[in-house]
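Below: upload-v8.tsv (TSV, C-alpha atoms)
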```tsv
chain	number	residue	atom	x	y	z
A	1	MET	CA	-0.65	39.48	33.67
A	2	ASN	CA	3.07	38.82	33.16
A	3	THR	CA	4.41	36.73	30.30
A	4	GLU	CA	5.09	33.74	32.57
A	5	SER	CA	1.46	33.75	33.65
A	6	LYS	CA	0.36	34.08	30.05
A	7	MET	CA	2.34	31.06	29.12
A	8	ASN	CA	0.84	29.09	31.96
A	9	THR	CA	-2.51	29.64	30.26
A	10	ILE	CA	-1.32	27.93	27.10
A	11	ARG	CA	-2.17	24.29	26.83
A	12	GLN	CA	1.30	22.99	26.77
A	13	ILE	CA	2.37	20.24	24.42
A	14	SER	CA	0.68	18.19	21.66
A	15	LEU	CA	2.39	14.83	21.25
A	16	LEU	CA	2.77	12.59	18.21
A	17	THR	CA	1.83	8.93	18.23
A	18	ALA	CA	5.08	7.01	18.62
A	19	LEU	CA	6.18	4.77	15.76
A	20	PHE	CA	6.65	1.05	16.33
A	21	LEU	CA	10.16	-0.31	15.94
A	22	CYS	CA	10.72	-2.84	13.21
A	23	ILE	CA	13.72	-5.15	12.89
A	24	THR	CA	14.30	-7.68	10.13
A	25	VAL	CA	16.86	-10.46	10.34
A	26	PRO	CA	17.94	-12.85	7.55
A	27	LEU	CA	16.51	-16.33	8.03
A	28	SER	CA	19.89	-17.81	7.20
A	29	ALA	CA	21.59	-16.34	10.28
A	30	ALA	CA	23.76	-18.67	12.34
A	31	GLN	CA	22.05	-20.52	15.19
A	32	LYS	CA	23.72	-18.43	17.92
A	33	THR	CA	22.95	-15.20	16.10
A	34	GLY	CA	19.38	-16.35	15.58
A	35	HIS	CA	19.03	-17.05	19.30
A	36	VAL	CA	20.31	-13.60	20.24
A	37	THR	CA	18.11	-12.00	17.58
A	38	MET	CA	15.02	-13.75	18.89
A	39	GLU	CA	15.88	-12.60	22.42
A	40	ALA	CA	16.23	-9.03	21.14
A	41	VAL	CA	12.93	-9.19	19.28
A	42	SER	CA	11.26	-10.61	22.38
A	43	ALA	CA	12.65	-7.79	24.53
A	44	LEU	CA	11.47	-5.24	21.99
A	45	GLU	CA	7.99	-6.72	21.78
A	46	HIS	CA	7.72	-6.78	25.56
A	47	GLY	CA	8.81	-3.14	25.66
A	48	ARG	CA	6.27	-2.14	23.07
A	49	SER	CA	3.50	-4.04	24.86
A	50	TYR	CA	4.28	-2.48	28.24
A	51	HIS	CA	4.59	0.93	26.59
A	52	ASN	CA	1.18	0.76	24.95
A	53	ARG	CA	-0.39	-0.34	28.25
A	54	GLY	CA	1.17	2.61	30.04
A	55	ASP	CA	3.52	0.52	32.20
A	56	TYR	CA	6.54	2.69	31.43
A	57	PRO	CA	8.93	1.35	34.12
A	58	GLN	CA	8.58	-2.18	32.72
A	59	ALA	CA	8.88	-0.83	29.17
A	60	ILE	CA	12.18	0.82	30.11
A	61	LYS	CA	13.53	-2.46	31.50
A	62	ALA	CA	12.64	-4.21	28.25
A	63	TYR	CA	14.23	-1.46	26.14
A	64	ASP	CA	17.34	-1.67	28.34
A	65	ARG	CA	17.60	-5.37	27.58
A	66	PHE	CA	17.09	-4.80	23.86
A	67	MET	CA	19.88	-2.21	23.77
A	68	GLU	CA	22.23	-4.58	25.59
A	69	ILE	CA	21.73	-7.06	22.75
A	70	VAL	CA	21.45	-4.63	19.84
A	71	PRO	CA	23.21	-1.35	20.72
A	72	GLY	CA	23.29	1.76	18.58
A	73	LYS	CA	19.66	1.86	17.41
A	74	ALA	CA	18.24	5.37	17.28
A	75	ASP	CA	14.62	4.23	17.57
A	76	ALA	CA	15.37	2.23	20.71
A	77	HIS	CA	16.73	5.34	22.43
A	78	TYR	CA	13.76	7.30	21.11
A	79	ARG	CA	11.26	4.79	22.53
A	80	ARG	CA	13.00	4.67	25.91
A	81	GLY	CA	13.10	8.46	25.90
A	82	LEU	CA	9.34	8.50	25.36
A	83	ALA	CA	8.86	6.20	28.35
A	84	TYR	CA	10.97	8.49	30.56
A	85	PHE	CA	9.03	11.46	29.18
A	86	HIS	CA	5.70	9.97	30.21
A	87	LEU	CA	7.09	9.22	33.66
A	88	GLY	CA	7.99	12.90	34.02
A	89	ASP	CA	11.74	12.19	34.05
A	90	PHE	CA	12.50	14.81	31.43
A	91	LYS	CA	16.25	14.94	32.04
A	92	ARG	CA	16.70	11.26	31.26
A	93	ALA	CA	14.31	11.63	28.34
A	94	VAL	CA	16.57	14.35	26.89
A	95	GLN	CA	19.60	12.06	27.29
A	96	ASP	CA	17.91	9.35	25.23
A	97	PHE	CA	16.64	11.78	22.60
A	98	ASP	CA	20.19	13.16	22.34
A	99	GLN	CA	21.44	9.64	21.68
A	100	ALA	CA	18.74	9.09	19.08
A	101	VAL	CA	19.64	12.21	17.07
A	102	GLU	CA	23.37	11.53	17.43
A	103	ILE	CA	22.83	8.13	15.80
A	104	ASN	CA	20.28	9.47	13.31
A	105	PRO	CA	20.53	13.27	12.83
A	106	ARG	CA	17.30	13.19	10.82
A	107	HIS	CA	15.15	11.60	13.55
A	108	VAL	CA	12.48	14.29	13.49
A	109	GLU	CA	10.28	12.82	16.27
A	110	ALA	CA	13.26	12.73	18.64
A	111	TYR	CA	13.90	16.44	18.07
A	112	HIS	CA	10.22	17.17	18.61
A	113	PHE	CA	9.98	15.29	21.91
A	114	LYS	CA	13.32	16.67	23.02
A	115	ALA	CA	11.81	20.11	22.56
A	116	ALA	CA	8.79	19.07	24.62
A	117	ALA	CA	11.06	17.78	27.39
A	118	PHE	CA	13.02	21.05	27.50
A	119	TYR	CA	9.74	22.93	27.68
A	120	HIS	CA	8.75	20.93	30.77
A	121	LEU	CA	12.21	21.52	32.23
A	122	GLY	CA	11.61	25.27	32.02
A	123	ASP	CA	13.99	25.90	29.13
A	124	PRO	CA	11.85	27.37	26.32
A	125	ALA	CA	14.92	28.59	24.41
A	126	GLU	CA	16.14	24.99	23.96
A	127	ALA	CA	12.59	23.93	23.14
A	128	ILE	CA	12.55	26.47	20.31
A	129	LYS	CA	15.93	25.31	18.96
A	130	ASN	CA	14.81	21.69	18.79
A	131	ASN	CA	11.46	22.53	17.23
A	132	ASP	CA	13.37	24.62	14.67
A	133	ARG	CA	15.31	21.50	13.74
A	134	ALA	CA	12.15	19.38	13.58
A	135	ILE	CA	10.47	21.94	11.29
A	136	ARG	CA	13.52	22.10	9.00
A	137	LEU	CA	13.37	18.35	8.64
A	138	ARG	CA	9.59	18.28	8.25
A	139	PRO	CA	8.22	21.65	7.05
A	140	VAL	CA	4.62	20.43	7.31
A	141	PHE	CA	4.65	19.70	11.04
A	142	PRO	CA	1.71	21.41	12.80
A	143	GLU	CA	2.54	20.03	16.26
A	144	ALA	CA	6.06	21.47	16.12
A	145	TYR	CA	4.73	24.89	15.09
A	146	ASN	CA	2.19	24.77	17.90
A	147	ASN	CA	4.79	23.84	20.49
A	148	ARG	CA	7.34	26.35	19.24
A	149	GLY	CA	4.64	28.99	19.50
A	150	ALA	CA	3.96	28.01	23.10
A	151	ALA	CA	7.67	28.29	23.93
A	152	ARG	CA	7.88	31.70	22.29
A	153	VAL	CA	4.93	32.95	24.31
A	154	LYS	CA	6.67	31.68	27.44
A	155	LEU	CA	9.63	33.90	26.52
A	156	GLY	CA	7.28	36.86	26.06
A	157	ASP	CA	7.32	36.85	22.25
A	158	LEU	CA	3.54	36.92	21.81
A	159	GLU	CA	3.63	38.08	18.20
A	160	ARG	CA	5.81	35.25	16.93
A	161	GLY	CA	4.06	32.78	19.21
A	162	LEU	CA	0.71	33.73	17.73
A	163	LYS	CA	2.17	33.43	14.23
A	164	ASP	CA	3.48	29.91	14.91
A	165	ILE	CA	0.22	28.67	16.42
A	166	SER	CA	-1.74	30.18	13.53
A	167	LYS	CA	0.58	28.30	11.16
A	168	ALA	CA	-0.22	25.07	13.02
A	169	ALA	CA	-3.95	25.68	12.50
A	170	GLU	CA	-3.34	26.52	8.83
A	171	LEU	CA	-1.40	23.29	8.25
A	172	ASP	CA	-3.99	21.19	10.09
A	173	PRO	CA	-7.47	22.77	10.08
A	174	ALA	CA	-8.63	19.95	12.41
A	175	PHE	CA	-5.97	20.71	15.07
A	176	ALA	CA	-8.26	21.55	17.98
A	177	ASP	CA	-5.45	22.37	20.43
A	178	ALA	CA	-4.03	25.00	18.08
A	179	TYR	CA	-7.35	26.86	18.00
A	180	TYR	CA	-7.62	26.56	21.78
A	181	ASN	CA	-4.09	27.93	22.26
A	182	ARG	CA	-4.68	30.77	19.84
A	183	GLY	CA	-7.90	31.60	21.65
A	184	ARG	CA	-5.96	31.89	24.90
A	185	ILE	CA	-3.48	34.31	23.33
A	186	HIS	CA	-6.25	36.41	21.78
A	187	SER	CA	-7.99	36.47	25.16
A	188	ASP	CA	-4.85	37.70	26.91
A	189	LEU	CA	-4.36	40.34	24.21
A	190	GLY	CA	-7.92	41.58	24.67
A	191	SER	CA	-9.06	40.40	21.22
A	192	TYR	CA	-12.21	38.87	22.66
A	193	SER	CA	-14.22	38.30	19.49
A	194	GLN	CA	-11.26	36.48	17.90
A	195	ALA	CA	-10.79	34.47	21.10
A	196	ILE	CA	-14.44	33.35	21.06
A	197	ASN	CA	-14.15	32.37	17.38
A	198	ASP	CA	-11.13	30.20	18.18
A	199	PHE	CA	-12.76	28.61	21.22
A	200	ASN	CA	-15.86	27.92	19.12
A	201	ARG	CA	-13.68	26.15	16.56
A	202	ALA	CA	-11.81	24.18	19.25
A	203	ILE	CA	-15.11	23.03	20.77
A	204	ALA	CA	-16.56	22.09	17.38
A	205	LEU	CA	-13.51	19.89	16.75
A	206	ASN	CA	-13.38	18.52	20.29
A	207	PRO	CA	-16.69	18.86	22.15
A	208	LYS	CA	-15.12	17.31	25.28
A	209	ASN	CA	-12.51	20.04	25.72
A	210	ALA	CA	-13.53	21.32	29.16
A	211	SER	CA	-10.81	23.97	29.14
A	212	ALA	CA	-12.17	25.53	25.94
A	213	TYR	CA	-15.61	25.86	27.51
A	214	HIS	CA	-14.10	27.23	30.70
A	215	HIS	CA	-12.02	29.90	29.02
A	216	ARG	CA	-14.74	30.85	26.58
A	217	GLY	CA	-16.85	31.40	29.70
A	218	ILE	CA	-14.17	33.71	31.07
A	219	VAL	CA	-14.27	35.77	27.86
A	220	TYR	CA	-18.07	35.93	27.91
A	221	GLY	CA	-17.80	37.18	31.49
A	222	LEU	CA	-15.35	39.88	30.43
A	223	LEU	CA	-17.84	40.90	27.75
A	224	GLY	CA	-20.64	41.06	30.34
A	225	ASP	CA	-22.65	38.11	29.00
A	226	ARG	CA	-23.36	36.40	32.35
A	227	ASN	CA	-25.77	33.80	30.96
A	228	LYS	CA	-23.25	32.44	28.44
A	229	GLU	CA	-20.51	32.69	31.06
A	230	ARG	CA	-22.45	30.52	33.50
A	231	THR	CA	-23.52	28.06	30.79
A	232	ASP	CA	-19.91	27.52	29.72
A	233	TYR	CA	-18.66	27.15	33.31
A	234	ASP	CA	-21.34	24.56	34.01
A	235	LYS	CA	-20.42	22.62	30.85
A	236	ALA	CA	-16.72	22.67	31.80
A	237	LEU	CA	-17.51	21.35	35.27
A	238	GLU	CA	-19.78	18.66	33.85
A	239	LEU	CA	-17.07	17.48	31.45
A	240	ASN	CA	-14.42	17.43	34.16
A	241	ALA	CA	-16.69	15.39	36.40
A	242	GLY	CA	-17.34	12.91	33.59
A	243	LYS	CA	-13.63	12.68	32.79
A	244	LYS	CA	-12.78	11.95	36.40
A	245	ALA	CA	-15.44	9.23	36.59
A	246	GLN	CA	-14.16	7.64	33.36
A	247	GLN	CA	-10.58	7.65	34.65
A	248	GLU	CA	-11.72	5.93	37.83
A	249	LYS	CA	-13.61	3.35	35.79
A	250	GLU	CA	-10.53	2.65	33.64
A	251	LYS	CA	-8.36	2.40	36.73
A	252	GLN	CA	-10.66	-0.21	38.26
A	253	ALA	CA	-10.74	-2.19	35.01
A	254	MET	CA	-6.92	-2.18	34.62
A	255	PRO	CA	-4.98	-5.28	35.73
A	256	ALA	CA	-3.05	-4.89	38.97
A	257	GLY	CA	0.24	-3.06	38.59
A	258	VAL	CA	-0.65	-1.40	35.28
A	259	PRO	CA	-1.43	2.34	35.39
A	260	ALA	CA	-4.58	3.57	33.66
A	261	GLY	CA	-4.41	5.69	30.53
A	262	GLY	CA	-1.64	3.92	28.67
A	263	LYS	CA	-2.02	5.73	25.35
A	264	LEU	CA	0.66	8.15	24.25
A	265	THR	CA	-1.16	11.44	24.72
A	266	GLY	CA	-0.21	14.94	25.74
A	267	PRO	CA	-0.62	16.34	29.24
A	268	SER	CA	-4.25	16.70	30.20
A	269	ALA	CA	-5.89	20.02	30.91
A	270	PRO	CA	-6.85	21.69	33.12
A	271	PRO	CA	-4.01	20.78	35.50
A	272	THR	CA	-4.80	19.00	38.74
A	273	ALA	CA	-3.64	19.87	42.22
A	274	ALA	CA	-0.55	17.77	41.60
A	275	THR	CA	0.83	20.83	39.83
A	276	GLY	CA	-0.53	23.11	42.52
A	277	ARG	CA	-3.65	24.14	40.64
A	278	PRO	CA	-7.05	23.11	41.95
A	279	GLN	CA	-9.45	20.89	40.08
A	280	PRO	CA	-13.00	22.29	40.02
A	281	VAL	CA	-15.77	20.63	41.98
A	282	ALA	CA	-18.13	18.62	39.82
A	283	ALA	CA	-21.22	20.47	38.63
A	284	GLU	CA	-23.59	18.06	40.35
A	285	GLN	CA	-21.82	18.59	43.67
A	286	THR	CA	-23.39	21.99	44.26
A	287	PRO	CA	-22.87	22.77	47.96
A	288	ALA	CA	-25.61	23.39	50.48
A	289	GLY	CA	-24.97	27.15	50.29
A	290	GLY	CA	-26.69	27.20	46.91
A	291	ALA	CA	-25.81	28.68	43.56
A	292	ALA	CA	-24.18	31.81	44.97
A	293	ALA	CA	-21.48	29.83	46.80
A	294	ILE	CA	-20.55	27.80	43.76
A	295	ASP	CA	-20.65	30.89	41.52
A	296	TRP	CA	-17.98	32.51	43.71
A	297	PHE	CA	-16.11	29.19	43.65
A	298	LYS	CA	-16.13	29.22	39.84
A	299	LYS	CA	-14.92	32.80	39.72
A	300	GLY	CA	-12.08	31.91	42.08
A	301	TYR	CA	-11.17	28.91	39.96
A	302	ALA	CA	-11.07	31.05	36.81
A	303	LEU	CA	-8.76	33.51	38.57
A	304	SER	CA	-6.53	30.66	39.79
A	305	LEU	CA	-6.12	29.39	36.24
A	306	SER	CA	-5.02	32.89	35.25
A	307	GLU	CA	-2.47	32.87	38.10
A	308	LYS	CA	-4.38	35.66	39.90
A	309	HIS	CA	-4.17	33.86	43.22
A	310	ARG	CA	-4.77	36.83	45.51
A	311	GLU	CA	-7.99	37.71	43.69
A	312	ALA	CA	-8.90	34.01	43.73
A	313	VAL	CA	-8.57	33.93	47.53
A	314	ALA	CA	-11.02	36.82	47.79
A	315	ALA	CA	-13.54	34.91	45.65
A	316	TYR	CA	-13.08	31.73	47.69
A	317	ASP	CA	-13.58	33.80	50.85
A	318	LYS	CA	-17.03	34.77	49.54
A	319	SER	CA	-17.84	31.18	48.66
A	320	ILE	CA	-16.89	29.97	52.14
A	321	GLU	CA	-18.77	32.84	53.77
A	322	MET	CA	-21.94	31.66	52.02
A	323	ASN	CA	-21.29	28.01	52.82
A	324	PRO	CA	-18.84	27.40	55.72
A	325	ASN	CA	-18.97	23.63	55.06
A	326	PHE	CA	-17.84	23.80	51.43
A	327	ALA	CA	-14.84	21.44	51.63
A	328	GLU	CA	-13.66	21.96	48.05
A	329	ALA	CA	-13.56	25.74	48.53
A	330	TYR	CA	-11.18	25.34	51.48
A	331	TYR	CA	-9.06	23.02	49.36
A	332	VAL	CA	-8.70	25.41	46.41
A	333	ARG	CA	-8.13	28.38	48.71
A	334	GLY	CA	-5.34	26.39	50.35
A	335	ALA	CA	-3.79	25.79	46.94
A	336	ALA	CA	-3.99	29.53	46.21
A	337	TYR	CA	-2.27	30.37	49.51
A	338	TYR	CA	0.47	27.88	48.62
A	339	HIS	CA	1.06	29.73	45.35
A	340	LEU	CA	1.17	33.00	47.24
A	341	GLY	CA	4.06	31.64	49.31
A	342	ASP	CA	2.03	31.14	52.50
A	343	PRO	CA	2.27	27.39	53.25
A	344	LYS	CA	1.05	27.83	56.84
A	345	ARG	CA	-2.27	29.29	55.77
A	346	ALA	CA	-2.42	26.72	52.99
A	347	ILE	CA	-2.18	23.93	55.57
A	348	GLN	CA	-4.91	25.51	57.70
A	349	ASP	CA	-7.31	25.46	54.77
A	350	LEU	CA	-6.27	22.01	53.62
A	351	ASP	CA	-6.76	20.66	57.14
A	352	LYS	CA	-10.25	22.14	57.14
A	353	ALA	CA	-11.04	20.64	53.73
A	354	ILE	CA	-9.90	17.21	54.93
A	355	ALA	CA	-11.89	17.53	58.16
A	356	LEU	CA	-15.03	18.20	56.11
A	357	ASN	CA	-14.30	15.55	53.49
A	358	THR	CA	-11.70	12.89	54.21
A	359	ASN	CA	-11.80	11.61	50.62
A	360	ILE	CA	-10.23	14.59	48.84
A	361	ALA	CA	-6.97	12.90	47.83
A	362	ASP	CA	-5.62	16.05	46.15
A	363	ALA	CA	-5.98	17.96	49.43
A	364	TYR	CA	-3.68	15.48	51.19
A	365	TYR	CA	-1.16	15.73	48.35
A	366	SER	CA	-1.26	19.54	48.36
A	367	ARG	CA	-0.80	19.51	52.13
A	368	GLY	CA	2.29	17.37	51.60
A	369	LEU	CA	3.69	20.00	49.25
A	370	ALA	CA	3.06	22.69	51.86
A	371	PHE	CA	4.74	20.64	54.63
A	372	ASN	CA	7.75	20.20	52.37
A	373	LYS	CA	7.86	23.94	51.86
A	374	LEU	CA	8.00	24.35	55.65
A	375	GLY	CA	10.88	21.87	55.94
A	376	LYS	CA	8.76	19.10	57.49
A	377	PRO	CA	9.49	16.09	55.25
A	378	ASP	CA	8.10	13.47	57.66
A	379	MET	CA	4.73	15.19	57.86
A	380	ALA	CA	4.80	15.68	54.08
A	381	THR	CA	5.36	11.95	53.57
A	382	GLU	CA	2.41	11.07	55.80
A	383	SER	CA	0.17	13.32	53.72
A	384	TYR	CA	1.48	11.79	50.50
A	385	LYS	CA	0.74	8.32	51.90
A	386	LYS	CA	-2.86	9.25	52.65
A	387	ALA	CA	-3.27	10.62	49.14
A	388	ALA	CA	-1.73	7.46	47.69
A	389	ARG	CA	-4.04	5.22	49.72
A	390	LEU	CA	-6.98	7.14	48.28
A	391	GLY	CA	-5.74	6.26	44.80
A	392	LEU	CA	-3.99	9.46	43.71
A	393	LYS	CA	-1.46	8.22	41.17
A	394	THR	CA	0.72	11.34	41.46
A	395	ALA	CA	1.25	10.61	45.15
A	396	GLN	CA	1.83	6.92	44.47
A	397	ASP	CA	4.45	7.67	41.82
A	398	HIS	CA	6.16	10.19	44.12
A	399	LEU	CA	6.44	7.63	46.90
A	400	LYS	CA	7.57	4.87	44.53
A	401	ARG	CA	10.46	7.01	43.31
A	402	GLN	CA	11.57	7.35	46.94
A	403	GLY	CA	11.06	3.65	47.68
A	404	ILE	CA	8.38	4.39	50.27
A	405	ALA	CA	5.41	2.07	50.74
A	406	TRP	CA	1.98	3.41	51.62
```
Could you show the structure in this file as structure tokens?
Amino acid sequence: MNTESKMNTIRQISLLTALFLCITVPLSAAQKTGHVTMEAVSALEHGRSYHNRGDYPQAIKAYDRFMEIVPGKADAHYRRGLAYFHLGDFKRAVQDFDQAVEINPRHVEAYHFKAAAFYHLGDPAEAIKNNDRAIRLRPVFPEAYNNRGAARVKLGDLERGLKDISKAAELDPAFADAYYNRGRIHSDLGSYSQAINDFNRAIALNPKNASAYHHRGIVYGLLGDRNKERTDYDKALELNAGKKAQQEKEKQAMPAGVPAGGKLTGPSAPPTAATGRPQPVAAEQTPAGGAAAIDWFKKGYALSLSEKHREAVAAYDKSIEMNPNFAEAYYVRGAAYYHLGDPKRAIQDLDKAIALNTNIADAYYSRGLAFNKLGKPDMATESYKKAARLGLKTAQDHLKRQGIAW
């Protein structure tokens, strides 16, 4: 496995809870000044409210208004940068974080999130530089050590990456993600007993970490313990199914126009098909082909997560051979073909998945990606629209940015 693939196995970024802004104004201010101040406070409070509900576009509008009235506040740029960050607009997030540290060179959270944004932009060297600055300002900063370690691994510096992530765990013995990340590195290095110890610790701290179960299962498989391998795979699939159901429940309970999941949290894992990686079928959705078909499906999924897409296709082939009506297997095989640079075969499989199950929103979205790869933007848009109508937020956000209704 190359270093880029190894990095892709690292759970990416652990985010800090954002600090609320606080502004005090003398009660004796002139009437006009008092009016402007109240307008600024109102804009700020609206921004904070929208932010905490996850409505980042509206939060940005409120922060814009606040900065028109009260320019030059580092925390205002920091908060707006966070909103852009959570919208996936990392370039604009960097611009705001730059403004924040220019105004306040000791704004440690701005450096930290700037590093995270550069990581997402594919610039681990800049991510390291900004985490260096954050660590100099706050030597006891486990999240910054963890994220700097991830960036170092992405650059192929496994030794220093492992050292940084170990430091994160040392500084915060309850930092579940650090143990998970370290377990992934140990696994890639072939230190399987150490990997299992770290995954055990990650699971003890966060029993709902599906990825930790999944990758501990991979290690058990490499060690030849098939019973533990299958048990961990099943637990990972069960947790993913429960997470998806909970997200759907939250989405239905959310007022119209407000996205679900408004808390300031890090990227979820494992990645969904929006990033080109397939989401596993829920454990209770065992296909008619029986346990053998889903076992091959699980093996293929594990290989996909390790960026071994060609081997994954071979496993999915076996799964489909045992159950030709296994829609999810066609979907994930299509995603694997897309990663192998074969969008035509990807579309064939995605079409088949959709024919068997018209409700797989991720399959429509992935098909849109493949159509784009083939230079067919109109057909891509139609697929994105179908995914959006099925409730896939990634597709909805993509279309919104282009001003396209669905």
(message) Which polymer residues, whether protein, DNA or RNA, lie within 12 Å of the coordinate (11.0, 21.9, 15.5) when you count only C-alpha atoms? List them as a PyMOL selection string, using the chain letters and numbers from the file.
(response) chain A and resi 106-116+125-149+151+164+168
(request) Measure the distance from atom CA of A:Ala329 to atom CA of A:Leu223 in Å and round it to one decimal. (result) 26.1 Å
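Across the structure, atom CA of A:Ser166 and atom CA of A:Ala178 are spaced 7.3 Å apart.
Checking A:Asp75, A:Glu39, A:Asp295, A:Asp188 one by one against A:Ala62, counting only C-alpha atoms, you find the shortest gap at A:Glu39.
With only C-alpha atoms as the atoms that count, the minimum distance from A:Asp378 to the choices A:Ala59, A:Ile165, A:Ala117, A:Ile404 is reached by A:Ile404.
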Please report, as JSON, the centre and edge lengths in Å to one decimal of an axis-aligned box covering all listed atoms of stretch 196-208 of chain A with 4 Å per side.
```
{"center_x": -13.9, "center_y": 25.3, "center_z": 20.9, "size_x": 13.6, "size_y": 24.0, "size_z": 16.7}
```
(message) At a cut-off of 6 Å, using all atoms listed in the file, what residues contact stretch 198-200 of chain A? Leave out same-chain residues fewer than 6 positions from it and give the result as a ChimeraX atom specification.
(response) /A:179-180,183,212
(message) List the spatial neighbours of A:Lys235 as a ChimeraX atom specification - criterion: any atom at most 9 Å away, all atoms listed in the file, same-chain residues fewer than 4 positions off excluded.
(response) /A:210,213-214,230-231,239-240,283
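Of the residues listed (A:Thr381, A:Arg389, A:His46, A:Leu189), A:Thr381 shows the shortest atom-to-atom separation from A:Gln402; distances use all atoms listed in the file.
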